[in-house]
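Have a look at the structure below, then the notes.
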Amino acid sequence: MALKTKNLYFTYLNQESPVLNDISVSFEGNKIYLLLGPSGGGKSSLVNILAGIIPNNIKGETKGNLSFDGKSILEEESYERANKTGYIMQDADTQFCTYKVEDELVFGLENLKFSKEEMEKRINYVLDILGIEHLRYRALNTLSGGQKQKIAIASVLVLDPPIIIFDEPTANLDPVTSKEIFQIIKMLKENYNKTIIIIEHKLDYLIEYVDYIFVFSSNGYIVNEGTPKNVFEDLIYSESSPSFHYPKIIDIWKSLKLPYNDISFDINEAGKYLGKRYNYIENSTEETVQADQNKFLSVSNISYRINDKQIINDLTFGINKGDFLAIVGPNGAGKSTLGGILLNLYKDYKGEVLIDDKSIKSYKRSDLWKKAGLVFQNPEWQFVSYSVKEELEYSLKDSNLSKEEKEEKIDQCLERFKLLEFKDSNPYLLSQGQKRRLSVATMLVTGQDLLILDEPTYGQDYDNQVELLEYMSALNSNGMTIIMITHDMDAVVKYCNKVLILKDGSSIYFGDNKDLFKDNCILKEANLLKPIYSDVLDKMNSNHTKIPTNIEGFIESLKEKE
């Protein structure tokens, strides 16, 4: 079995430049392939072609060839592709066609006219493989994000395609659930001989399973390929960081000048190797955070339910002006709902939310949104216009700026977020990473006192993720209060000073970000993982109490054995 492209080009309608340029790749049987590269580099466009979404559902100009076992399939209809390639999207909700789990699993089989007996056999088999028999009769809208992703995988797996494509399958998942999805991917290859093609940014716990990597440039060319060990070797000798995500083990090996031949992308093996060479130095003194009773945001006894389900349960906390709060926890814990409550988007909650000692219910909507902004988890929920420029104009429509001042401010903001060349483009036609940057830009352009961001780094390549977080950190240093809903523990420990952990709508931790990672019981209960540098130290059997926030902190924690 081989899926191959040859001299493949693709250009979207109404765009001049191809998003894919001369792509010739081969995906052989029973391997895991990883696609890396910056946002807008063509990765999602390629997998859309492999899955038949292009040209059947998304139109544009395609040149070149796509073949399966030597037969050209570029012009095949979608239903003809179903027995060759399955596709799991970034957001499981966008993939679902029905309302219940069993109906979703049956949907594709019915359309391909399988018998009832065969459908039952396949459904039972797949539910057993994934360990989700207990979800069979559930409504899809009652599932957590991780459960939805497993159902999306099951809905593809019942069709038994030899190739399964994953487009950032863990983007919206908590760390522990992300690891579960990676282990499912490994299992599909090793136990069921599937070929896996995956786009993913969370590499630290995935890369050990990957067989081969294709690296894309920003303009749709493949600029490198090979095994993970071969592809990442250049980074060891490079003075600069690449524009794509890479495993943090690389930074450890590079900074310690360790023999590259000894590198292991398995965290356990890497920790054992390092543990033989290094010892932990503990010279730190604990910082004491002084409580400030002058709260900028106060949340008192907030509760919220939908029908018979309690979403938020008697939640109380407060943050000061200039705090950078991370809201974390398992999927389905109520994090996004809480973000909406803080901006008065859900009006039938119980309890009280104060901003600057004033109830959010007493603000006029326009005045509240001038003081606080919310960047949604799904960027498209924010879009109200048909051009990138108009999105920012809408955000500034009630400002006192002149037309010229607005134009200058918009151009500066678009340039900062690398969107100036897309000024006249339709927001819905941007890449996922570009959509996310635009959604953040529409809030930051207005300069509120409080900014709430729901998974702001979702879909971002390495450069854009770092730049966005550093920009938010700079805004925070200048007095902006920021609340970030995230699953990224490395971002939590590096940028935030406070953490709120939600589970089943209740707070199980509120306090200093560094203290959190010393409590293994809380981490386990909340489905969280330690930051990768701390995890490596644990695997070295180091009794550390200080949490490294970057590679420099990790190096400082080591002492070479004589």
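Residue numbering restarts at 1 in every chain; chains get A, B, ... in the order shown in the structure tokens, and ligands count up from 1 in that same order.
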
- Residues at most 9 Å from range 42-50 of chain A, counting only C-alpha atoms, excluding those fewer than 4 positions away in the same chain, as a VMD selection string? chain A and resid 3 5 10 19 to 21 23 35 to 38 54 to 55 58 66 74 81 85 87 165 to 167 197 to 199 216 to 221 431 to 432

Store the residues picked out above in a file with N, CA, C and O atoms, as a CSV table (one decimal), in the first residue's frame.
chain,number,residue,atom,x,y,z
A,3,LEU,N,0.4,5.7,-0.8
A,3,LEU,CA,-0.3,6.9,-1.2
A,3,LEU,C,0.8,7.9,-1.6
A,3,LEU,O,1.6,8.2,-0.8
A,5,THR,N,2.0,11.5,-3.9
A,5,THR,CA,1.7,12.7,-4.7
A,5,THR,C,3.0,12.9,-5.6
A,5,THR,O,4.1,12.6,-5.2
A,10,PHE,N,-1.4,23.4,-5.6
A,10,PHE,CA,-2.8,23.8,-5.3
A,10,PHE,C,-2.8,25.2,-5.0
A,10,PHE,O,-2.1,25.8,-4.2
A,19,VAL,N,-0.7,27.5,-2.6
A,19,VAL,CA,-0.4,27.2,-1.2
A,19,VAL,C,0.4,25.9,-1.1
A,19,VAL,O,1.1,25.6,0.0
A,20,LEU,N,0.4,25.1,-2.1
A,20,LEU,CA,1.3,23.9,-2.2
A,20,LEU,C,2.1,24.0,-3.5
A,20,LEU,O,1.6,24.3,-4.6
A,21,ASN,N,3.4,23.7,-3.4
A,21,ASN,CA,4.3,23.9,-4.5
A,21,ASN,C,5.2,22.7,-4.8
A,21,ASN,O,6.0,22.3,-3.9
A,23,ILE,N,4.8,19.3,-4.7
A,23,ILE,CA,4.9,18.4,-3.6
A,23,ILE,C,4.9,17.0,-4.1
A,23,ILE,O,4.0,16.5,-4.8
A,35,LEU,N,3.7,15.9,9.7
A,35,LEU,CA,3.9,17.0,8.9
A,35,LEU,C,4.2,18.2,9.8
A,35,LEU,O,3.4,18.6,10.7
A,36,LEU,N,5.3,18.9,9.6
A,36,LEU,CA,5.7,20.0,10.4
A,36,LEU,C,5.9,21.3,9.5
A,36,LEU,O,6.1,21.1,8.3
A,37,GLY,N,5.8,22.4,10.1
A,37,GLY,CA,6.0,23.7,9.3
A,37,GLY,C,5.2,24.8,9.9
A,37,GLY,O,4.3,24.6,10.7
A,38,PRO,N,5.4,26.0,9.5
A,38,PRO,CA,4.7,27.2,10.0
A,38,PRO,C,3.2,27.2,9.5
A,38,PRO,O,2.8,26.5,8.6
A,54,ILE,N,-10.5,18.3,-0.9
A,54,ILE,CA,-10.1,19.1,-2.1
A,54,ILE,C,-9.9,18.0,-3.2
A,54,ILE,O,-9.2,17.1,-3.0
A,55,PRO,N,-10.5,18.1,-4.3
A,55,PRO,CA,-11.3,19.2,-4.8
A,55,PRO,C,-12.8,19.1,-4.7
A,55,PRO,O,-13.6,19.9,-5.2
A,58,ILE,N,-13.8,21.7,-1.4
A,58,ILE,CA,-13.1,23.0,-1.4
A,58,ILE,C,-12.5,23.2,-2.8
A,58,ILE,O,-11.7,22.4,-3.3
A,66,LEU,N,-2.1,12.5,-7.7
A,66,LEU,CA,-2.3,11.8,-6.4
A,66,LEU,C,-2.6,10.3,-6.8
A,66,LEU,O,-3.6,10.1,-7.5
A,74,LEU,N,-7.0,11.4,-7.8
A,74,LEU,CA,-7.2,12.8,-7.5
A,74,LEU,C,-8.7,13.2,-7.8
A,74,LEU,O,-9.2,14.1,-7.1
A,81,ARG,N,-13.2,7.6,-1.7
A,81,ARG,CA,-12.0,7.7,-0.9
A,81,ARG,C,-12.2,7.1,0.5
A,81,ARG,O,-11.2,6.9,1.2
A,85,THR,N,-8.8,6.5,2.7
A,85,THR,CA,-8.3,7.5,3.7
A,85,THR,C,-9.4,7.9,4.6
A,85,THR,O,-10.5,8.3,4.2
A,87,TYR,N,-10.3,10.7,7.9
A,87,TYR,CA,-9.8,12.1,8.3
A,87,TYR,C,-10.4,12.5,9.6
A,87,TYR,O,-11.6,12.6,9.7
A,165,ILE,N,-5.8,10.0,8.7
A,165,ILE,CA,-5.2,11.4,8.8
A,165,ILE,C,-5.7,12.1,10.0
A,165,ILE,O,-6.9,12.1,10.3
A,166,PHE,N,-4.8,12.6,10.8
A,166,PHE,CA,-5.1,13.4,12.0
A,166,PHE,C,-4.6,14.8,11.8
A,166,PHE,O,-3.4,15.1,11.7
A,167,ASP,N,-5.5,15.8,11.9
A,167,ASP,CA,-5.2,17.2,11.7
A,167,ASP,C,-5.3,17.9,13.1
A,167,ASP,O,-6.3,18.3,13.5
A,197,ILE,N,-1.0,9.7,9.2
A,197,ILE,CA,-0.5,11.0,8.7
A,197,ILE,C,-1.0,12.0,9.7
A,197,ILE,O,-2.2,12.1,9.8
A,198,ILE,N,-0.1,12.7,10.4
A,198,ILE,CA,-0.6,13.6,11.5
A,198,ILE,C,0.1,15.0,11.4
A,198,ILE,O,1.3,15.1,11.1
A,199,ILE,N,-0.7,16.0,11.6
A,199,ILE,CA,-0.3,17.4,11.8
A,199,ILE,C,-0.4,17.6,13.3
A,199,ILE,O,-1.5,17.4,13.9
A,216,PHE,N,7.6,21.5,6.0
A,216,PHE,CA,7.1,22.5,5.0
A,216,PHE,C,7.7,23.9,5.3
A,216,PHE,O,7.9,24.3,6.4
A,217,SER,N,7.9,24.6,4.2
A,217,SER,CA,8.3,26.0,4.4
A,217,SER,C,7.0,26.9,4.5
A,217,SER,O,5.9,26.4,4.3
A,218,SER,N,7.2,28.2,4.7
A,218,SER,CA,6.0,29.1,4.8
A,218,SER,C,5.3,29.2,3.5
A,218,SER,O,4.1,29.7,3.5
A,219,ASN,N,5.9,28.9,2.4
A,219,ASN,CA,5.3,29.1,1.1
A,219,ASN,C,5.0,27.8,0.3
A,219,ASN,O,4.9,27.7,-0.9
A,220,GLY,N,4.8,26.7,1.1
A,220,GLY,CA,4.2,25.5,0.6
A,220,GLY,C,5.2,24.6,-0.1
A,220,GLY,O,4.8,23.7,-0.9
A,221,TYR,N,6.5,24.7,0.1
A,221,TYR,CA,7.5,23.7,-0.4
A,221,TYR,C,7.9,22.8,0.8
A,221,TYR,O,7.8,23.1,1.9
A,431,SER,N,-5.7,30.3,7.1
A,431,SER,CA,-5.4,29.1,7.8
A,431,SER,C,-5.9,29.1,9.3
A,431,SER,O,-6.2,30.2,9.8
A,432,GLN,N,-5.9,28.0,9.9
A,432,GLN,CA,-6.3,27.9,11.3
A,432,GLN,C,-5.5,28.8,12.2
A,432,GLN,O,-6.0,29.6,13.1

Show me, as CSV, the residues of range 407-457 of chain A having an atom within 12 Å of range 364-378 of chain A, each with the closest atom pair and its distance in Å, using only C-alpha atoms.
residue,atom,partner,partner_atom,distance
A:Tyr428,CA,A:Asn378,CA,11.7
A:Gln432,CA,A:Asn378,CA,9.6
A:Gly433,CA,A:Asn378,CA,11.2
A:Lys435,CA,A:Asn378,CA,9.0
A:Arg436,CA,A:Asn378,CA,8.0
A:Arg437,CA,A:Val375,CA,10.0
A:Leu438,CA,A:Val375,CA,9.9
A:Ser439,CA,A:Val375,CA,6.2
A:Val440,CA,A:Val375,CA,6.0
A:Ala441,CA,A:Val375,CA,9.2
A:Thr442,CA,A:Val375,CA,8.5
A:Met443,CA,A:Gly373,CA,6.0
A:Leu444,CA,A:Gly373,CA,8.3
A:Val445,CA,A:Gly373,CA,10.5
A:Thr446,CA,A:Lys370,CA,7.4
A:Gly447,CA,A:Lys370,CA,7.9
A:Gln448,CA,A:Lys371,CA,4.8
A:Asp449,CA,A:Lys371,CA,5.3
A:Leu450,CA,A:Ala372,CA,4.5
A:Leu451,CA,A:Gly373,CA,5.0
A:Ile452,CA,A:Leu374,CA,4.7
A:Leu453,CA,A:Val375,CA,4.7
A:Asp454,CA,A:Gln377,CA,4.8
A:Glu455,CA,A:Gln377,CA,5.7
A:Pro456,CA,A:Gln377,CA,7.3
A:Thr457,CA,A:Gln377,CA,9.7

Based on the selection just made, write N, CA, C and O atoms of those residues as an mmCIF file, in the first residue's frame.
data_model
loop_
_atom_site.group_PDB
_atom_site.id
_atom_site.type_symbol
_atom_site.label_atom_id
_atom_site.label_comp_id
_atom_site.auth_asym_id
_atom_site.auth_seq_id
_atom_site.Cartn_x
_atom_site.Cartn_y
_atom_site.Cartn_z
ATOM 1 N N TYR A 428 -12.539 33.834 6.822
ATOM 2 C CA TYR A 428 -12.884 32.419 6.843
ATOM 3 C C TYR A 428 -11.986 31.576 5.932
ATOM 4 O O TYR A 428 -11.987 30.351 6.035
ATOM 5 N N GLN A 432 -5.873 27.984 9.931
ATOM 6 C CA GLN A 432 -6.334 27.943 11.304
ATOM 7 C C GLN A 432 -5.467 28.841 12.202
ATOM 8 O O GLN A 432 -5.982 29.561 13.062
ATOM 9 N N GLY A 433 -4.152 28.799 11.994
ATOM 10 C CA GLY A 433 -3.273 29.642 12.784
ATOM 11 C C GLY A 433 -3.490 31.123 12.513
ATOM 12 O O GLY A 433 -3.458 31.948 13.432
ATOM 13 N N LYS A 435 -6.314 32.488 11.476
ATOM 14 C CA LYS A 435 -7.599 32.839 12.089
ATOM 15 C C LYS A 435 -7.424 33.144 13.568
ATOM 16 O O LYS A 435 -8.008 34.093 14.105
ATOM 17 N N ARG A 436 -6.633 32.315 14.251
ATOM 18 C CA ARG A 436 -6.405 32.527 15.675
ATOM 19 C C ARG A 436 -5.708 33.858 15.915
ATOM 20 O O ARG A 436 -6.090 34.621 16.800
ATOM 21 N N ARG A 437 -4.689 34.177 15.121
ATOM 22 C CA ARG A 437 -3.988 35.444 15.313
ATOM 23 C C ARG A 437 -4.914 36.628 15.056
ATOM 24 O O ARG A 437 -4.837 37.650 15.747
ATOM 25 N N LEU A 438 -5.808 36.492 14.061
ATOM 26 C CA LEU A 438 -6.758 37.573 13.787
ATOM 27 C C LEU A 438 -7.718 37.756 14.951
ATOM 28 O O LEU A 438 -8.033 38.890 15.342
ATOM 29 N N SER A 439 -8.196 36.654 15.531
ATOM 30 C CA SER A 439 -9.140 36.760 16.646
ATOM 31 C C SER A 439 -8.503 37.459 17.839
ATOM 32 O O SER A 439 -9.156 38.235 18.545
ATOM 33 N N VAL A 440 -7.214 37.192 18.076
ATOM 34 C CA VAL A 440 -6.507 37.872 19.160
ATOM 35 C C VAL A 440 -6.318 39.346 18.808
ATOM 36 O O VAL A 440 -6.507 40.237 19.648
ATOM 37 N N ALA A 441 -5.962 39.623 17.558
ATOM 38 C CA ALA A 441 -5.736 40.998 17.128
ATOM 39 C C ALA A 441 -6.981 41.860 17.280
ATOM 40 O O ALA A 441 -6.890 43.031 17.671
ATOM 41 N N THR A 442 -8.159 41.305 17.007
ATOM 42 C CA THR A 442 -9.394 42.093 17.100
ATOM 43 C C THR A 442 -9.662 42.551 18.530
ATOM 44 O O THR A 442 -10.331 43.566 18.748
ATOM 45 N N MET A 443 -9.150 41.819 19.509
ATOM 46 C CA MET A 443 -9.299 42.228 20.901
ATOM 47 C C MET A 443 -8.189 43.187 21.325
ATOM 48 O O MET A 443 -8.427 44.220 21.951
ATOM 49 N N LEU A 444 -6.954 42.873 20.964
ATOM 50 C CA LEU A 444 -5.819 43.668 21.430
ATOM 51 C C LEU A 444 -5.790 45.058 20.812
ATOM 52 O O LEU A 444 -5.219 45.985 21.396
ATOM 53 N N VAL A 445 -6.399 45.218 19.647
ATOM 54 C CA VAL A 445 -6.361 46.511 18.982
ATOM 55 C C VAL A 445 -7.115 47.573 19.778
ATOM 56 O O VAL A 445 -6.872 48.771 19.628
ATOM 57 N N THR A 446 -8.025 47.161 20.665
ATOM 58 C CA THR A 446 -8.849 48.126 21.400
ATOM 59 C C THR A 446 -8.271 48.479 22.764
ATOM 60 O O THR A 446 -8.686 49.447 23.380
ATOM 61 N N GLY A 447 -7.307 47.695 23.275
ATOM 62 C CA GLY A 447 -6.596 48.060 24.494
ATOM 63 C C GLY A 447 -7.412 48.000 25.771
ATOM 64 O O GLY A 447 -7.399 48.940 26.576
ATOM 65 N N GLN A 448 -8.123 46.893 26.019
ATOM 66 C CA GLN A 448 -8.880 46.757 27.256
ATOM 67 C C GLN A 448 -7.970 46.574 28.461
ATOM 68 O O GLN A 448 -6.790 46.255 28.339
ATOM 69 N N ASP A 449 -8.549 46.743 29.670
ATOM 70 C CA ASP A 449 -7.809 46.512 30.917
ATOM 71 C C ASP A 449 -7.682 45.022 31.220
ATOM 72 O O ASP A 449 -6.723 44.598 31.854
ATOM 73 N N LEU A 450 -8.675 44.241 30.808
ATOM 74 C CA LEU A 450 -8.707 42.799 31.077
ATOM 75 C C LEU A 450 -8.897 42.063 29.766
ATOM 76 O O LEU A 450 -9.794 42.386 28.982
ATOM 77 N N LEU A 451 -8.055 41.074 29.530
ATOM 78 C CA LEU A 451 -8.166 40.260 28.320
ATOM 79 C C LEU A 451 -8.282 38.801 28.722
ATOM 80 O O LEU A 451 -7.451 38.287 29.476
ATOM 81 N N ILE A 452 -9.331 38.133 28.245
ATOM 82 C CA ILE A 452 -9.553 36.714 28.509
ATOM 83 C C ILE A 452 -9.348 35.964 27.202
ATOM 84 O O ILE A 452 -9.998 36.271 26.193
ATOM 85 N N LEU A 453 -8.443 34.999 27.210
ATOM 86 C CA LEU A 453 -8.100 34.269 25.988
ATOM 87 C C LEU A 453 -8.355 32.788 26.192
ATOM 88 O O LEU A 453 -7.817 32.185 27.124
ATOM 89 N N ASP A 454 -9.167 32.197 25.340
ATOM 90 C CA ASP A 454 -9.499 30.777 25.422
ATOM 91 C C ASP A 454 -8.627 30.021 24.425
ATOM 92 O O ASP A 454 -8.849 30.088 23.217
ATOM 93 N N GLU A 455 -7.620 29.320 24.923
ATOM 94 C CA GLU A 455 -6.657 28.566 24.111
ATOM 95 C C GLU A 455 -6.043 29.442 23.012
ATOM 96 O O GLU A 455 -6.185 29.163 21.818
ATOM 97 N N PRO A 456 -5.336 30.528 23.397
ATOM 98 C CA PRO A 456 -4.835 31.462 22.379
ATOM 99 C C PRO A 456 -3.770 30.882 21.464
ATOM 100 O O PRO A 456 -3.577 31.388 20.354
ATOM 101 N N THR A 457 -3.050 29.842 21.898
ATOM 102 C CA THR A 457 -1.978 29.294 21.060
ATOM 103 C C THR A 457 -2.443 28.131 20.195
ATOM 104 O O THR A 457 -1.644 27.544 19.467
#

Find the residues of range 426-507 of chain A that sit at most 8 Å from range 318-321 of chain A; for each, write down the nearest two atoms and how far apart they are in Å, to one decimal. Count only C-alpha atoms. Sort by chain, then by number going up, and give it as a tab-separated table.
residue	atom	partner	partner_atom	distance
A:Gly479	CA	A:Lys321	CA	7.0
A:Met480	CA	A:Lys321	CA	7.3
A:Thr481	CA	A:Lys321	CA	5.6

Output for the residues just chosen: N, CA and C atoms as a PDB file, in the first residue's frame:
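Listed below is the output, again.pdb:
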ATOM      1  N   GLY A 479       0.804  46.380  32.694  1.00  0.00           N
ATOM      2  CA  GLY A 479      -0.376  46.616  33.514  1.00  0.00           C
ATOM      3  C   GLY A 479      -1.645  45.931  33.084  1.00  0.00           C
ATOM      4  N   MET A 480      -1.674  45.284  31.891  1.00  0.00           N
ATOM      5  CA  MET A 480      -2.903  44.604  31.477  1.00  0.00           C
ATOM      6  C   MET A 480      -3.090  43.328  32.284  1.00  0.00           C
ATOM      7  N   THR A 481      -4.295  43.103  32.762  1.00  0.00           N
ATOM      8  CA  THR A 481      -4.639  41.870  33.463  1.00  0.00           C
ATOM      9  C   THR A 481      -5.081  40.840  32.432  1.00  0.00           C
TER      10      THR A 481
END

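From CA of Gln95 in chain A back to CA of Glu80 in chain A, the distance works out to 18.3 Å.
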
- Query: In Å, with one decimal, what is the gap from CA of Gly145 in chain A to CA of Tyr246 in chain A?
  - Reply: 24.8 Å

- Query: What's the 6 Å shell around range 539-556 of chain A, counting only C-alpha atoms, without same-chain residues fewer than 2 positions away, as a PyMOL selection string?
  - Reply: chain A and resi 268+271-272+275+280+493-494+534+536-537+558

Grab the residues selected above and save them as a PDB file, in the first residue's frame with all heavy atoms.
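Once written, result-v2.pdb looks like this:
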ATOM      1  N   ASN A 268      11.119   8.801  29.204  1.00  0.00           N
ATOM      2  CA  ASN A 268      11.639   7.900  30.239  1.00  0.00           C
ATOM      3  C   ASN A 268      13.100   7.536  29.969  1.00  0.00           C
ATOM      4  O   ASN A 268      13.948   7.589  30.874  1.00  0.00           O
ATOM      5  CB  ASN A 268      10.798   6.624  30.309  1.00  0.00           C
ATOM      6  CG  ASN A 268       9.420   6.877  30.878  1.00  0.00           C
ATOM      7  OD1 ASN A 268       9.267   7.402  31.975  1.00  0.00           O
ATOM      8  ND2 ASN A 268       8.402   6.504  30.122  1.00  0.00           N
ATOM      9  N   GLY A 271      15.389  10.564  30.442  1.00  0.00           N
ATOM     10  CA  GLY A 271      15.595  10.843  31.860  1.00  0.00           C
ATOM     11  C   GLY A 271      16.585   9.886  32.501  1.00  0.00           C
ATOM     12  O   GLY A 271      17.439  10.291  33.302  1.00  0.00           O
ATOM     13  N   LYS A 272      16.484   8.613  32.142  1.00  0.00           N
ATOM     14  CA  LYS A 272      17.434   7.621  32.688  1.00  0.00           C
ATOM     15  C   LYS A 272      18.856   7.931  32.242  1.00  0.00           C
ATOM     16  O   LYS A 272      19.801   7.851  33.024  1.00  0.00           O
ATOM     17  CB  LYS A 272      17.030   6.215  32.230  1.00  0.00           C
ATOM     18  CG  LYS A 272      15.750   5.691  32.852  1.00  0.00           C
ATOM     19  CD  LYS A 272      15.404   4.314  32.286  1.00  0.00           C
ATOM     20  CE  LYS A 272      14.080   3.817  32.831  1.00  0.00           C
ATOM     21  NZ  LYS A 272      13.714   2.500  32.230  1.00  0.00           N
ATOM     22  N   GLY A 275      20.053  10.962  34.046  1.00  0.00           N
ATOM     23  CA  GLY A 275      20.222  10.677  35.463  1.00  0.00           C
ATOM     24  C   GLY A 275      21.558  10.037  35.795  1.00  0.00           C
ATOM     25  O   GLY A 275      22.034  10.131  36.932  1.00  0.00           O
ATOM     26  N   TYR A 280      20.988  16.963  40.783  1.00  0.00           N
ATOM     27  CA  TYR A 280      20.215  18.197  40.947  1.00  0.00           C
ATOM     28  C   TYR A 280      20.859  19.107  41.985  1.00  0.00           C
ATOM     29  O   TYR A 280      21.311  18.669  43.024  1.00  0.00           O
ATOM     30  CB  TYR A 280      18.780  17.870  41.378  1.00  0.00           C
ATOM     31  CG  TYR A 280      17.898  19.090  41.502  1.00  0.00           C
ATOM     32  CD1 TYR A 280      17.444  19.750  40.370  1.00  0.00           C
ATOM     33  CD2 TYR A 280      17.539  19.576  42.745  1.00  0.00           C
ATOM     34  CE1 TYR A 280      16.635  20.854  40.475  1.00  0.00           C
ATOM     35  CE2 TYR A 280      16.729  20.690  42.850  1.00  0.00           C
ATOM     36  CZ  TYR A 280      16.278  21.333  41.722  1.00  0.00           C
ATOM     37  OH  TYR A 280      15.481  22.436  41.817  1.00  0.00           O
ATOM     38  N   VAL A 493       3.740  27.783  33.501  1.00  0.00           N
ATOM     39  CA  VAL A 493       4.840  27.988  34.441  1.00  0.00           C
ATOM     40  C   VAL A 493       5.744  29.147  34.013  1.00  0.00           C
ATOM     41  O   VAL A 493       6.359  29.810  34.852  1.00  0.00           O
ATOM     42  CB  VAL A 493       5.656  26.693  34.630  1.00  0.00           C
ATOM     43  CG1 VAL A 493       6.554  26.425  33.450  1.00  0.00           C
ATOM     44  CG2 VAL A 493       6.471  26.724  35.912  1.00  0.00           C
ATOM     45  N   LYS A 494       5.805  29.448  32.723  1.00  0.00           N
ATOM     46  CA  LYS A 494       6.707  30.494  32.239  1.00  0.00           C
ATOM     47  C   LYS A 494       6.081  31.876  32.293  1.00  0.00           C
ATOM     48  O   LYS A 494       6.758  32.865  32.617  1.00  0.00           O
ATOM     49  CB  LYS A 494       7.144  30.182  30.803  1.00  0.00           C
ATOM     50  CG  LYS A 494       8.166  31.175  30.264  1.00  0.00           C
ATOM     51  CD  LYS A 494       8.706  30.744  28.903  1.00  0.00           C
ATOM     52  CE  LYS A 494       9.770  31.713  28.409  1.00  0.00           C
ATOM     53  NZ  LYS A 494      10.319  31.305  27.093  1.00  0.00           N
ATOM     54  N   SER A 534      10.553  19.736  33.922  1.00  0.00           N
ATOM     55  CA  SER A 534      10.354  19.155  35.247  1.00  0.00           C
ATOM     56  C   SER A 534      10.122  17.650  35.151  1.00  0.00           C
ATOM     57  O   SER A 534      10.602  16.873  35.985  1.00  0.00           O
ATOM     58  CB  SER A 534       9.161  19.825  35.942  1.00  0.00           C
ATOM     59  OG  SER A 534       8.950  19.301  37.229  1.00  0.00           O
ATOM     60  N   VAL A 536      11.336  15.641  32.846  1.00  0.00           N
ATOM     61  CA  VAL A 536      12.626  15.000  32.596  1.00  0.00           C
ATOM     62  C   VAL A 536      13.428  14.880  33.890  1.00  0.00           C
ATOM     63  O   VAL A 536      14.043  13.838  34.172  1.00  0.00           O
ATOM     64  CB  VAL A 536      13.440  15.788  31.541  1.00  0.00           C
ATOM     65  CG1 VAL A 536      14.854  15.230  31.421  1.00  0.00           C
ATOM     66  CG2 VAL A 536      12.742  15.717  30.191  1.00  0.00           C
ATOM     67  N   LEU A 537      13.403  15.917  34.724  1.00  0.00           N
ATOM     68  CA  LEU A 537      14.092  15.857  36.015  1.00  0.00           C
ATOM     69  C   LEU A 537      13.528  14.732  36.884  1.00  0.00           C
ATOM     70  O   LEU A 537      14.266  14.031  37.575  1.00  0.00           O
ATOM     71  CB  LEU A 537      13.974  17.195  36.746  1.00  0.00           C
ATOM     72  CG  LEU A 537      14.854  18.335  36.217  1.00  0.00           C
ATOM     73  CD1 LEU A 537      14.467  19.647  36.885  1.00  0.00           C
ATOM     74  CD2 LEU A 537      16.321  18.046  36.453  1.00  0.00           C
ATOM     75  N   LEU A 558      21.314  21.273  36.994  1.00  0.00           N
ATOM     76  CA  LEU A 558      22.159  20.102  36.814  1.00  0.00           C
ATOM     77  C   LEU A 558      23.600  20.365  37.272  1.00  0.00           C
ATOM     78  O   LEU A 558      24.104  21.476  37.174  1.00  0.00           O
ATOM     79  CB  LEU A 558      22.191  19.694  35.330  1.00  0.00           C
ATOM     80  CG  LEU A 558      20.851  19.314  34.697  1.00  0.00           C
ATOM     81  CD1 LEU A 558      21.054  18.989  33.236  1.00  0.00           C
ATOM     82  CD2 LEU A 558      20.229  18.142  35.405  1.00  0.00           C
TER      83      LEU A 558
END

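Of the residues listed (A:Asp323, A:Asp308, A:Asp519, A:Asp357), A:Asp323 shows the shortest atom-to-atom separation from Asn497 in chain A; distances use only C-alpha atoms.
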
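With only C-alpha atoms as the atoms that count, the minimum distance from Asp488 in chain A to the choices A:Lys524, A:Lys84, A:Lys406, A:Lys530 is reached by A:Lys530.
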
- Task: Going by DSSP on the backbone, which bits of range 244-401 of chain A are helix (DSSP H, G or I)? Write them as a VMD selection string, please.
- Result: chain A and resid 248 to 256 260 to 262 267 to 275 335 to 342 360 to 362 365 to 371 379 to 382 388 to 395

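With only C-alpha atoms as the atoms that count, the minimum distance from Gln15 in chain A to the choices A:Phe510, A:Phe422, A:Tyr137, A:Phe324 is reached by A:Phe422.
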
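CA of Ser243 in chain A lies 28.5 Å from CA of Tyr273 in chain A.
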
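By chain and then residue number, the residues within 9 Å of Leu502 in chain A are A:Ile312, A:Ile327, A:Val328, A:Gly329, A:Pro330, A:Ala333, A:Gly334, A:Lys335, A:Ser506, A:Ser507, A:Ile508, A:Tyr509, A:Ala526, counting only C-alpha atoms and disregarding those fewer than 4 positions away in sequence.
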
- Query: Any idea what's packed within 12 Å of Asn30 in chain A, counting only C-alpha atoms, ignoring anything in its chain fewer than 6 positions away? Could you give it as a count of residues only?
  - Reply: 23

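Near range 110-116 of chain A, within 10 Å and counting only C-alpha atoms, sit Tyr79, Glu80, Ala82, Asn83, Asp103, Leu105, Val106, Glu120, Lys121, Arg122 and Leu159 of chain A; same-chain residues fewer than 4 positions away were not included.
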
- Task: Would you mind listing what lies within 10 Å of Val25 in chain A as an MDAnalysis selection string, with only C-alpha atoms counted and same-chain residues fewer than 4 positions away left out?
- Result: chainID A and resid 3:8 66 214 222 225

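If only C-alpha atoms are the atoms counted, then among A:Thr142, A:Thr94, A:Thr227, A:Thr177 the closest residue to Asn527 in chain A is A:Thr177.
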